[in-house]
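So this one's target.txt, compact mmCIF, C-alpha atoms and all ligand atoms:
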# COMPACT_ATOMS: atom_id res chain seq x y z
CA MET A 1 66.08 -57.97 -35.50
CA ARG A 2 69.05 -58.68 -33.27
CA THR A 3 72.12 -60.09 -34.99
CA ALA A 4 74.46 -62.81 -33.74
CA ASP A 5 76.97 -60.07 -32.85
CA ASP A 6 74.31 -58.28 -30.73
CA GLU A 7 73.37 -61.51 -28.95
CA ARG A 8 77.01 -62.44 -28.33
CA ALA A 9 77.75 -59.00 -26.87
CA ARG A 10 74.72 -59.30 -24.57
CA LEU A 11 75.76 -62.77 -23.39
CA ILE A 12 79.33 -61.63 -22.64
CA ASP A 13 78.02 -58.58 -20.73
CA ASP A 14 75.77 -60.88 -18.68
CA LEU A 15 78.65 -63.28 -17.92
CA VAL A 16 80.89 -60.41 -16.81
CA ARG A 17 78.12 -58.77 -14.74
CA ASP A 18 77.33 -62.09 -13.00
CA GLY A 19 80.98 -62.63 -12.11
CA ARG A 20 81.37 -65.69 -14.35
CA VAL A 21 84.17 -64.12 -16.42
CA TYR A 22 86.91 -61.85 -15.14
CA ASP A 23 90.05 -62.91 -17.05
CA PRO A 24 90.26 -60.53 -20.06
CA ARG A 25 91.76 -63.32 -22.16
CA ILE A 26 88.68 -65.49 -21.63
CA ARG A 27 86.41 -62.56 -22.37
CA ALA A 28 88.31 -61.90 -25.60
CA ALA A 29 88.05 -65.56 -26.59
CA LEU A 30 84.27 -65.56 -26.04
CA ASP A 31 84.06 -62.62 -28.39
CA ALA A 32 86.47 -63.96 -31.03
CA VAL A 33 85.13 -67.55 -31.26
CA PRO A 34 81.41 -67.12 -32.06
CA ARG A 35 79.25 -69.83 -30.47
CA HIS A 36 76.64 -69.67 -33.25
CA LEU A 37 79.19 -71.03 -35.76
CA PHE A 38 79.34 -74.21 -33.63
CA LEU A 39 75.55 -74.50 -33.69
CA PRO A 40 74.74 -74.15 -37.39
CA GLY A 41 71.06 -73.67 -38.07
CA LEU A 42 70.19 -72.23 -34.67
CA ASP A 43 68.86 -68.67 -34.58
CA PRO A 44 71.11 -66.13 -32.79
CA GLY A 45 68.80 -65.83 -29.76
CA ALA A 46 69.01 -69.59 -29.13
CA ALA A 47 72.74 -69.82 -29.94
CA TYR A 48 73.51 -67.17 -27.28
CA ALA A 49 70.98 -68.21 -24.63
CA ASP A 50 72.70 -69.34 -21.44
CA GLU A 51 71.68 -72.95 -21.99
CA ALA A 52 73.31 -76.20 -23.04
CA VAL A 53 72.22 -77.30 -26.53
CA PRO A 54 72.01 -81.07 -27.16
CA ILE A 55 73.68 -82.04 -30.45
CA LYS A 56 73.52 -85.85 -30.30
CA THR A 57 71.22 -88.35 -28.60
CA ASP A 58 71.29 -92.11 -28.29
CA GLY A 59 68.07 -93.91 -27.40
CA GLY A 60 66.54 -90.64 -26.19
CA VAL A 61 69.53 -89.86 -23.94
CA THR A 62 71.74 -86.85 -24.69
CA VAL A 63 75.31 -88.02 -25.30
CA SER A 64 76.73 -84.72 -26.57
CA SER A 65 75.83 -81.07 -26.19
CA VAL A 66 77.37 -77.66 -26.61
CA SER A 67 77.78 -76.74 -22.95
CA GLN A 68 76.00 -73.89 -21.17
CA PRO A 69 78.01 -70.68 -21.72
CA SER A 70 78.13 -69.73 -18.02
CA MET A 71 79.44 -73.22 -17.16
CA VAL A 72 82.04 -73.00 -19.96
CA ALA A 73 83.14 -69.62 -18.58
CA ILE A 74 83.29 -70.83 -14.97
CA MET A 75 85.37 -73.82 -16.00
CA LEU A 76 87.77 -71.76 -18.14
CA GLU A 77 88.32 -69.46 -15.15
CA GLN A 78 89.01 -72.56 -13.02
CA LEU A 79 91.37 -73.99 -15.64
CA ALA A 80 93.31 -70.71 -16.06
CA PRO A 81 94.84 -71.46 -19.46
CA ALA A 82 97.58 -69.05 -20.55
CA PRO A 83 99.42 -68.18 -23.77
CA GLY A 84 101.89 -70.90 -24.72
CA HIS A 85 100.13 -73.69 -22.80
CA ARG A 86 99.74 -77.17 -24.22
CA VAL A 87 96.16 -78.22 -23.52
CA LEU A 88 94.25 -81.49 -23.82
CA GLU A 89 90.46 -81.35 -23.90
CA ILE A 90 88.50 -84.59 -23.46
CA GLY A 91 85.02 -84.20 -24.99
CA ALA A 92 85.35 -82.22 -28.23
CA GLY A 93 81.57 -82.14 -28.86
CA ALA A 94 81.03 -79.37 -31.41
CA GLY A 95 84.49 -77.85 -30.80
CA TRP A 96 83.42 -74.53 -29.26
CA ASN A 97 85.40 -74.91 -26.04
CA ALA A 98 88.45 -76.14 -27.98
CA GLY A 99 88.21 -72.97 -30.09
CA LEU A 100 88.07 -70.81 -26.96
CA LEU A 101 91.09 -72.63 -25.53
CA ALA A 102 93.04 -72.16 -28.78
CA HIS A 103 92.33 -68.43 -28.71
CA VAL A 104 93.69 -68.14 -25.16
CA VAL A 105 96.83 -70.27 -25.64
CA GLY A 106 97.63 -68.52 -28.94
CA PRO A 107 100.10 -69.56 -31.65
CA ALA A 108 102.80 -70.46 -29.10
CA GLY A 109 100.48 -73.02 -27.48
CA SER A 110 98.49 -76.00 -28.75
CA VAL A 111 95.15 -77.66 -28.14
CA THR A 112 94.39 -81.32 -28.70
CA THR A 113 90.73 -82.25 -28.38
CA VAL A 114 89.47 -85.83 -28.25
CA ASP A 115 86.00 -87.25 -28.75
CA ILE A 116 84.88 -90.85 -28.72
CA ASP A 117 82.56 -90.31 -31.73
CA ALA A 118 84.04 -89.81 -35.22
CA ASP A 119 80.98 -87.86 -36.46
CA LEU A 120 81.44 -85.33 -33.65
CA VAL A 121 85.14 -84.94 -34.46
CA ASP A 122 84.23 -84.33 -38.12
CA GLY A 123 81.79 -81.64 -36.94
CA THR A 124 84.43 -80.12 -34.65
CA ARG A 125 86.89 -79.82 -37.56
CA ASP A 126 84.23 -78.26 -39.82
CA ASN A 127 83.07 -75.80 -37.14
CA LEU A 128 86.61 -74.72 -36.22
CA ALA A 129 87.39 -74.16 -39.91
CA ALA A 130 84.19 -72.11 -40.32
CA ALA A 131 85.19 -69.99 -37.33
CA GLY A 132 88.74 -69.57 -38.70
CA VAL A 133 90.28 -71.10 -35.56
CA GLN A 134 93.80 -72.51 -35.91
CA GLY A 135 95.95 -74.50 -33.53
CA VAL A 136 93.48 -77.29 -32.63
CA THR A 137 94.13 -80.95 -33.41
CA ALA A 138 90.85 -82.89 -33.18
CA VAL A 139 91.21 -86.64 -32.80
CA VAL A 140 88.89 -89.62 -32.39
CA GLY A 141 89.64 -91.65 -29.29
CA ASP A 142 88.59 -92.70 -25.84
CA GLY A 143 89.76 -89.95 -23.52
CA ALA A 144 89.74 -92.36 -20.57
CA GLY A 145 93.37 -92.99 -21.51
CA GLY A 146 94.08 -89.29 -22.08
CA TYR A 147 96.03 -88.74 -25.29
CA PRO A 148 99.63 -89.81 -24.64
CA ALA A 149 100.86 -88.93 -28.16
CA ALA A 150 100.87 -85.18 -27.42
CA ALA A 151 101.64 -85.32 -23.65
CA PRO A 152 102.72 -83.72 -21.38
CA TYR A 153 100.05 -81.05 -20.98
CA ASP A 154 100.03 -77.89 -18.89
CA ARG A 155 96.26 -78.21 -18.72
CA ILE A 156 93.84 -81.13 -19.14
CA GLU A 157 90.14 -80.31 -19.20
CA LEU A 158 87.33 -82.83 -19.32
CA THR A 159 84.05 -81.42 -20.59
CA VAL A 160 82.37 -84.73 -19.80
CA GLY A 161 81.59 -86.18 -16.39
CA SER A 162 83.66 -88.88 -14.69
CA THR A 163 83.22 -90.86 -11.49
CA GLY A 164 86.97 -91.30 -11.07
CA VAL A 165 90.30 -89.49 -11.47
CA ARG A 166 92.08 -91.75 -13.92
CA PRO A 167 95.84 -92.18 -13.36
CA GLU A 168 96.51 -91.54 -17.08
CA TRP A 169 95.28 -87.96 -16.72
CA VAL A 170 97.61 -87.36 -13.79
CA THR A 171 100.71 -88.78 -15.46
CA GLN A 172 100.08 -86.86 -18.70
CA LEU A 173 100.26 -83.52 -16.84
CA THR A 174 103.44 -81.48 -16.56
CA PRO A 175 104.84 -81.57 -12.98
CA ASP A 176 102.91 -78.38 -12.10
CA GLY A 177 100.00 -78.95 -14.49
CA ARG A 178 96.30 -78.59 -13.75
CA LEU A 179 93.51 -81.14 -14.34
CA LEU A 180 89.93 -79.88 -14.48
CA LEU A 181 87.06 -82.35 -14.54
CA PRO A 182 83.40 -82.80 -13.66
CA LEU A 183 83.81 -85.44 -10.93
CA THR A 184 80.90 -87.20 -9.26
CA VAL A 185 81.46 -87.51 -5.53
CA ARG A 186 78.75 -89.22 -3.43
CA GLY A 187 76.12 -88.38 -6.06
CA SER A 188 77.05 -84.71 -6.60
CA GLN A 189 78.83 -83.66 -9.79
CA LEU A 190 81.60 -81.18 -8.97
CA SER A 191 83.84 -79.25 -11.35
CA VAL A 192 87.20 -79.70 -9.64
CA ALA A 193 90.40 -77.91 -10.71
CA PHE A 194 93.25 -80.03 -9.37
CA ASP A 195 96.87 -78.89 -9.26
CA ARG A 196 99.53 -81.58 -9.51
CA THR A 197 101.63 -81.39 -6.38
CA GLY A 198 103.60 -84.62 -6.80
CA PRO A 199 103.94 -87.56 -9.20
CA ASP A 200 100.75 -89.20 -7.91
CA ARG A 201 99.09 -86.40 -5.99
CA LEU A 202 96.66 -83.60 -6.80
CA VAL A 203 95.15 -80.87 -4.61
CA SER A 204 92.07 -78.88 -5.53
CA ALA A 205 92.50 -75.20 -6.37
CA SER A 206 88.74 -74.65 -6.77
CA VAL A 207 85.49 -76.61 -6.69
CA ARG A 208 82.13 -75.67 -8.23
CA SER A 209 78.80 -77.44 -8.85
CA CYS A 210 78.17 -78.61 -12.42
CA ALA A 211 76.05 -80.92 -14.58
CA PHE A 212 77.58 -82.77 -17.53
CA VAL A 213 76.85 -85.83 -19.65
CA ARG A 214 78.87 -88.84 -18.54
CA LEU A 215 81.95 -90.50 -20.05
CA ARG A 216 81.33 -93.37 -22.40
CA GLY A 217 83.93 -96.02 -23.24
CA ALA A 218 86.48 -97.45 -20.79
CA GLY A 219 85.77 -94.81 -18.13
CA ALA A 220 81.99 -95.30 -18.27
CA ASP A 221 80.29 -96.08 -15.01
CA PRO A 222 76.75 -97.50 -15.08
CA GLY A 223 76.17 -95.63 -11.83
CA ALA A 224 74.18 -96.65 -8.80
CA ASP A 225 70.87 -95.01 -9.71
CA ALA A 226 67.94 -97.41 -9.43
CA ALA A 227 64.21 -97.33 -10.13
CA LEU A 228 61.71 -98.07 -7.38
CA PRO A 229 59.77 -101.21 -8.34
CA GLY A 230 56.42 -99.36 -8.50
CA GLY A 231 57.76 -97.20 -11.34
CA GLY A 232 58.11 -93.46 -11.73
CA TRP A 233 60.70 -92.89 -8.97
CA THR A 234 64.49 -93.02 -9.21
CA VAL A 235 66.77 -93.42 -6.21
CA GLN A 236 70.27 -91.91 -6.38
CA PRO A 237 72.19 -93.39 -3.43
CA ALA A 238 75.24 -91.42 -2.29
CA GLY A 239 77.20 -94.58 -1.45
CA ARG A 240 77.14 -97.99 -3.11
CA ASP A 241 76.02 -101.16 -1.31
CA VAL A 242 75.81 -99.32 2.00
CA PRO A 243 75.06 -101.81 4.79
CA GLY A 244 71.96 -101.05 6.89
CA THR A 245 70.03 -99.21 4.17
CA ALA A 246 66.63 -100.26 2.87
CA ASP A 247 66.40 -102.30 -0.30
CA LEU A 248 64.25 -100.90 -3.11
CA PRO A 249 61.02 -102.84 -2.31
CA THR A 250 61.28 -101.74 1.34
CA LEU A 251 61.85 -98.14 0.32
CA GLU A 252 58.87 -98.31 -2.03
CA ARG A 253 56.67 -99.73 0.77
CA VAL A 254 57.64 -97.28 3.51
CA LEU A 255 57.27 -94.26 1.21
CA ARG A 256 53.61 -95.24 0.71
CA GLU A 257 53.01 -94.68 4.45
CA PRO A 258 51.82 -91.25 5.67
CA GLY A 259 54.99 -90.58 7.71
CA GLY A 260 55.52 -88.30 10.70
CA ASP A 261 56.87 -84.75 10.53
CA ARG A 262 59.72 -83.16 12.55
CA ALA A 263 61.00 -79.58 12.42
CA ALA A 264 64.31 -79.13 10.55
CA PRO A 265 66.82 -76.42 11.56
CA ALA A 266 66.57 -74.66 8.17
CA PRO A 267 64.34 -74.74 5.11
CA GLY A 268 66.04 -76.40 2.17
CA SER A 269 66.24 -75.10 -1.37
CA VAL A 270 66.52 -77.06 -4.57
CA SER A 271 70.23 -76.19 -4.88
CA ASP A 272 70.72 -77.80 -1.46
CA LEU A 273 69.89 -81.23 -2.82
CA TRP A 274 73.21 -81.75 -4.63
CA ASP A 275 75.22 -78.82 -3.30
CA GLY A 276 75.23 -77.20 0.17
CA LEU A 277 73.29 -79.33 2.63
CA GLY A 278 72.98 -82.34 0.32
CA LEU A 279 76.72 -82.44 -0.35
CA TRP A 280 77.48 -81.98 3.36
CA CYS A 281 75.14 -84.85 4.30
CA ALA A 282 76.33 -87.21 1.54
CA LEU A 283 80.01 -86.72 2.41
CA ALA A 284 79.30 -87.46 6.07
CA ASP A 285 76.86 -90.35 5.57
CA PRO A 286 76.84 -92.74 2.59
CA GLY A 287 73.25 -93.71 3.54
CA VAL A 288 72.11 -90.39 2.06
CA LEU A 289 70.00 -90.57 -1.09
CA ARG A 290 68.31 -88.29 -3.56
CA LEU A 291 64.88 -89.27 -4.78
CA LEU A 292 63.52 -88.14 -8.16
CA GLY A 293 59.89 -88.60 -9.12
CA PRO A 294 56.89 -87.24 -10.99
CA GLU A 295 55.18 -84.02 -9.99
CA ASP A 296 51.75 -85.58 -9.95
CA SER A 297 52.46 -88.37 -7.44
CA ARG A 298 51.19 -88.37 -3.84
CA LEU A 299 54.57 -87.15 -2.49
CA GLY A 300 55.34 -84.85 -5.45
CA PRO A 301 53.83 -81.59 -4.15
CA ALA A 302 55.79 -81.90 -0.88
CA LEU A 303 59.14 -82.20 -2.68
CA PHE A 304 61.41 -79.77 -4.54
CA ALA A 305 60.59 -78.87 -8.16
CA VAL A 306 63.41 -79.67 -10.62
CA ALA A 307 63.03 -79.51 -14.41
CA GLY A 308 59.51 -80.88 -14.64
CA ALA A 309 60.05 -83.43 -11.85
CA ARG A 310 60.22 -83.51 -8.06
CA ALA A 311 63.27 -84.31 -5.95
CA ALA A 312 64.15 -84.85 -2.32
CA LEU A 313 67.17 -85.32 -0.10
CA GLY A 314 66.92 -88.17 2.39
CA ILE A 315 68.55 -90.88 4.44
CA ALA A 316 67.68 -94.57 4.28
CA THR A 317 67.85 -96.97 7.21
CA ALA A 318 67.19 -100.74 7.08
CA GLU A 319 63.41 -100.36 7.52
CA GLY A 320 62.81 -96.69 6.91
CA CYS A 321 63.64 -93.40 5.34
CA ALA A 322 63.54 -89.68 6.17
CA LEU A 323 63.09 -86.91 3.59
CA LEU A 324 63.66 -83.15 3.80
CA LEU A 325 60.50 -81.53 2.44
CA ALA A 326 59.99 -78.37 0.42
CA ASP A 327 56.40 -78.06 1.65
CA PRO A 328 55.90 -77.66 4.54
CA ALA A 329 59.28 -75.88 4.56
CA ALA A 330 61.89 -76.77 7.21
CA THR A 331 60.33 -80.21 7.75
CA VAL A 332 61.77 -83.70 7.81
CA ARG A 333 59.27 -86.53 7.30
CA ALA A 334 60.06 -89.98 8.72
CA PHE A 335 58.68 -93.09 7.00
CA GLY A 336 58.71 -96.72 8.19
CA PRO A 337 59.48 -98.55 11.46
CA ASP A 338 62.96 -97.01 11.89
CA GLY A 339 62.26 -93.80 9.99
CA ASP A 340 62.75 -91.86 13.23
CA ALA A 341 66.37 -93.04 13.38
CA ALA A 342 66.85 -91.81 9.79
CA ALA A 343 65.21 -88.48 10.72
CA GLU A 344 67.56 -88.13 13.72
CA ARG A 345 70.58 -88.62 11.46
CA LEU A 346 69.29 -86.16 8.87
CA LEU A 347 68.44 -83.54 11.50
CA ALA A 348 71.84 -83.91 13.19
CA LEU A 349 73.60 -83.44 9.85
CA ALA A 350 71.42 -80.42 8.94
CA ASP A 351 72.19 -78.92 12.34
CA GLY A 352 75.94 -79.44 11.79
CA TRP A 353 75.69 -77.82 8.36
CA VAL A 354 73.92 -74.74 9.77
CA ARG A 355 76.48 -74.44 12.59
CA ALA A 356 79.33 -74.71 10.07
CA GLY A 357 77.97 -71.65 8.23
CA ARG A 358 76.08 -73.51 5.47
CA PRO A 359 79.11 -74.36 3.30
CA HIS A 360 78.80 -75.17 -0.41
CA ALA A 361 80.88 -76.95 -3.05
CA ALA A 362 83.14 -73.89 -3.37
CA ASP A 363 84.23 -74.43 0.26
CA LEU A 364 85.54 -77.94 -0.35
CA ARG A 365 89.16 -78.99 -0.48
CA ILE A 366 89.85 -82.27 -2.25
CA GLU A 367 93.15 -84.11 -2.31
CA ALA A 368 93.47 -86.97 -4.80
CA VAL A 369 96.12 -89.66 -4.50
CA VAL A 370 96.74 -92.33 -7.11
CA PRO A 371 97.73 -95.27 -4.92
CA ALA A 372 100.76 -97.45 -5.41
CA PRO A 373 99.86 -101.15 -5.82
CA GLY A 374 98.76 -102.58 -2.46
CA ASP A 375 98.48 -99.15 -0.90
CA GLY A 376 95.04 -99.12 0.79
CA PRO A 377 92.88 -96.12 1.74
CA ALA A 378 93.28 -94.35 5.07
CA PRO A 379 90.21 -93.92 7.31
CA GLY A 380 87.86 -91.24 5.97
CA GLU A 381 89.14 -91.44 2.41
CA ILE A 382 86.71 -92.11 -0.44
CA VAL A 383 87.96 -94.44 -3.18
CA ASP A 384 86.60 -93.36 -6.57
CA THR A 385 85.79 -95.69 -9.47
CA ALA A 386 89.31 -95.30 -10.92
CA GLY A 387 90.81 -96.43 -7.61
CA THR A 388 92.07 -92.93 -6.77
CA ARG A 389 91.77 -91.99 -3.09
CA LEU A 390 89.97 -88.74 -2.34
CA ARG A 391 90.54 -86.92 0.94
CA ILE A 392 87.80 -84.33 1.28
CA SER A 393 87.50 -81.56 3.87
CA TRP A 394 85.43 -78.44 4.35
CA GLY A 395 86.37 -74.82 4.67
CA THR A 396 90.08 -74.97 4.12
CA GLY A 397 90.27 -74.62 0.33
CA PRO A 398 91.25 -71.37 -1.37
CA GLY A 399 88.45 -71.67 -3.93
C1 LIG B 401 79.26 -81.83 -23.10
S1 LIG B 401 79.93 -82.51 -24.53
C2 LIG B 401 81.35 -81.51 -24.81
C3 LIG B 401 81.08 -80.13 -25.29
C4 LIG B 401 82.23 -79.52 -26.04
N1 LIG B 401 83.40 -79.31 -25.22
C5 LIG B 401 81.82 -78.25 -26.79
O1 LIG B 401 82.41 -77.19 -26.53
O2 LIG B 401 80.97 -78.35 -27.65
C6 LIG B 401 80.72 -84.01 -23.96
C7 LIG B 401 81.43 -84.78 -25.03
O3 LIG B 401 82.18 -85.82 -24.44
C8 LIG B 401 82.25 -86.85 -25.39
N2 LIG B 401 82.71 -88.10 -24.75
C9 LIG B 401 82.00 -88.98 -24.01
N3 LIG B 401 82.78 -89.99 -23.61
C10 LIG B 401 84.03 -89.73 -24.11
C11 LIG B 401 85.27 -90.41 -24.02
N4 LIG B 401 85.42 -91.55 -23.35
N5 LIG B 401 86.33 -89.87 -24.66
C12 LIG B 401 86.22 -88.70 -25.35
N6 LIG B 401 85.06 -88.02 -25.45
C13 LIG B 401 83.99 -88.53 -24.83
C14 LIG B 401 80.85 -86.92 -25.94
O4 LIG B 401 80.80 -87.59 -27.17
C15 LIG B 401 80.49 -85.44 -26.02
O5 LIG B 401 80.74 -84.93 -27.30

Take the structure in the file and write it out as structure tokens.
Amino acid sequence: MRTADDERARLIDDLVRDGRVYDPRIRAALDAVPRHLFLPGLDPGAAYADEAVPIKTDGGVTVSSVSQPSMVAIMLEQLAPAPGHRVLEIGAGAGWNAGLLAHVVGPAGSVTTVDIDADLVDGTRDNLAAAGVQGVTAVVGDGAGGYPAAAPYDRIELTVGSTGVRPEWVTQLTPDGRLLLPLTVRGSQLSVAFDRTGPDRLVSASVRSCAFVRLRGAGADPGADAALPGGGWTVQPAGRDVPGTADLPTLERVLREPGGDRAAPAPGSVSDLWDGLGLWCALADPGVLRLLGPEDSRLGPALFAVAGARAALGIATAEGCALLLADPAATVRAFGPDGDAAAERLLALADGWVRAGRPHAADLRIEAVVPAPGDGPAPGEIVDTAGTRLRISWGTGPG
């Protein structure tokens, strides 16, 4: 029978072997702050599996989880906490990541962790005490406003997804502080480590793909996802209210047609839907969408398999749609009267992505500017839901 110590050692070895962890301080923290103590009742194999573990649901939807260890490790490497740092975490959950942070910053540093739910903060305090972790202050609050009482922070880490970079997080950083957050950009959730380079300006140091539950409270965003009227299918549009894109009944109708196939320059993979090709397409064209539906539908077998469902990357036009298919591979299918125009756009974007060397999230550079009142966006900038302007480019970032 393998013990928790055996399972933890195996997980850490895996994370090091897979290049998720290389800072010895983070490795030491993973060893010293045992994850199973933050998941009481779970057997050691499950507590040290590389999977997120839901700890709270609301109406069948997960609102809190202990994050996937590899994602926690990737984000700690991005955050680069150091001894003596003052850190704010938004999203205490079960307190595991706060415990890891406290181990890295040591007695000369401090960690404040905030959660919007009092029961989770109670659990965080209990779990940290059980693990013998000191130096964490766990508070109940809405992290949308940061936590001004203990500011400024050398590091702010959100372990919950946001659709905007809120000005409060920027102003609560030290002048050279770092903000790390799961940020949704054109439908893709990206873990972005931003360095503060001026009072109202951040520049990304690294970008990775990620998947987190979303902020509740003042920073909550109902999102733009919509169900097709026939049921079973969800549309995730990259842009909101994009002129010249089909409404939901039109999309439903054209997707019932057989469609016509065109050869694509490269076969897609499931990771290309929200990273790689999908991210490239969505940043260039807000008419891009992701479609999620059941496996057993007419279109299902032609689409990409994701967690018991099927998904596709596509582009919508006023009277049509084009989808990149998994089967047949390297195929774009055009649906509806102007589906060919959508297919042309999708093929041109896929061609550009191949010629650019198939970049992924890690190749992005993102600059974020909190605007002064009346200061409008420049051409090409994306305005996020907090009003922050994002300037996004490919291939020039260090990360
Ligand atoms: C993925 S869990 C965090 C996991 C946690 N860091 C751990 O190590 O266990 C995300 C957390 O964010 C919290 N959350 C959601 N909205 C929030 C908000 N506005 N302010 C603070 N916490 C929030 C949720 O309650 C949830 O516990």

> Expressed in Å to a single decimal, how great is the separation between atom CA of A:Ala151 and atom CA of A:Pro167?
Replying inline: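 Those two atoms sit 13.7 Å apart.
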
> Residues within 6 Å of ligand LIG 401 (chain B) (all atoms listed in the file), as JSON, numbers by chain?
Replying inline: {"A": [63, 64, 65, 66, 67, 90, 91, 92, 93, 94, 95, 96, 97, 114, 115, 116, 117, 141, 142, 143, 144, 159, 160, 212, 213, 215, 216, 217]}

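What separates atom CA of A:Arg389 from atom CA of A:Ala73 is a distance of 28.5 Å.
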
>> I'd like the contact shell of A:Val16 - 10 Å cut-off, all atoms listed in the file, skipping same-chain residues fewer than 6 positions apart - returned as a list in words.
In response: Arg10, Tyr22, Asp23, Pro24, Arg27, Ser70 and Ala73 of chain A

>> Please list as a list in words every residue within 10 Å of A:Pro237, counting all atoms listed in the file and excluding residues in the same chain fewer than 5 positions away.
In response: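 With the cut-off at 10 Å, the set is Arg186, Gly187, Gly223, Ala224, Asp225, Ala226, Val242, Thr245, Ala282, Pro286, Gly287, Val288, Leu289, Arg290, Leu291, Gly314, Ile315 and Ala316 of chain A.
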
> Can you tell me how far atom CA of A:Asp200 sits from atom CA of A:Gly109, in Å to one decimal?
Replying inline: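 So the answer is 25.4 Å.
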
>> List as a list of chain:residue names the protein and nucleic acid residues near A:Ala386, meaning an atom at most 12 Å away when all atoms listed in the file are counted, but skip any in the same chain fewer than 4 places from it.
In response: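 Residues meeting the cut-off are A:Ala144, A:Gly145, A:Ser162, A:Thr163, A:Gly164, A:Val165, A:Arg166, A:Pro167, A:Glu168, A:Trp169, A:Val170, A:Leu183, A:Thr184, A:Ala218, A:Gly219, A:Ala220, A:Asp221, A:Ala368, A:Val369, A:Val370, A:Pro371, A:Ile382, A:Leu390.
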
> Taking into account only C-alpha atoms, which residue in the set A:Pro229, A:Gly352, A:Gly161, A:Gly374 is nearest to A:Pro265?
Replying inline: A:Gly352

>> Using all atoms listed in the file - which residues lie no farther than 8 Å from the point (76.7, -68.4, -27.6) in the file's frame? Write them as a list in words.
In response: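 Looking at atoms near the point gives Glu7, Arg8, Leu11, Pro34, Arg35, His36, Pro44, Ala46, Ala47, Tyr48, Ala49, Asp50 and Pro69 of chain A.
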
> So which residues touch A:Gly132 within 10 Å, counting only C-alpha atoms, skipping near sequence neighbours fewer than 2 positions away, as a ChimeraX atom specification?
Replying inline: /A:32-33,99,126-130,134

>> With only C-alpha atoms as the counted atoms, please give the residues lying no more than 7 Å from A:Leu323, apart from itself and same-chain residues fewer than 4 positions off, as a ChimeraX atom specification.
In response: /A:312-315,332-334

> Which is closer to A:Ile392 than all the others in A:Val185, A:Gly259, A:Pro328, A:Pro222, using all atoms listed in the file?
Replying inline: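 Closest to A:Ile392, using all atoms listed in the file: A:Val185.
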
> From the set A:Asp384, A:Asp14, A:Asp176, A:Asp154, which residue has the shortest atom-to-atom contact distance to A:Gly84, counting all atoms listed in the file?
Replying inline: A:Asp154

> Using all atoms listed in the file, which of A:Arg310, A:Ala149, A:Ala82, A:Leu324 sits nearest A:Asp296?
Replying inline: A:Arg310

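Closest to A:Gly320 among A:Leu255, A:Val270, A:Ala348, A:Val354 is A:Leu255, based on only C-alpha atoms.
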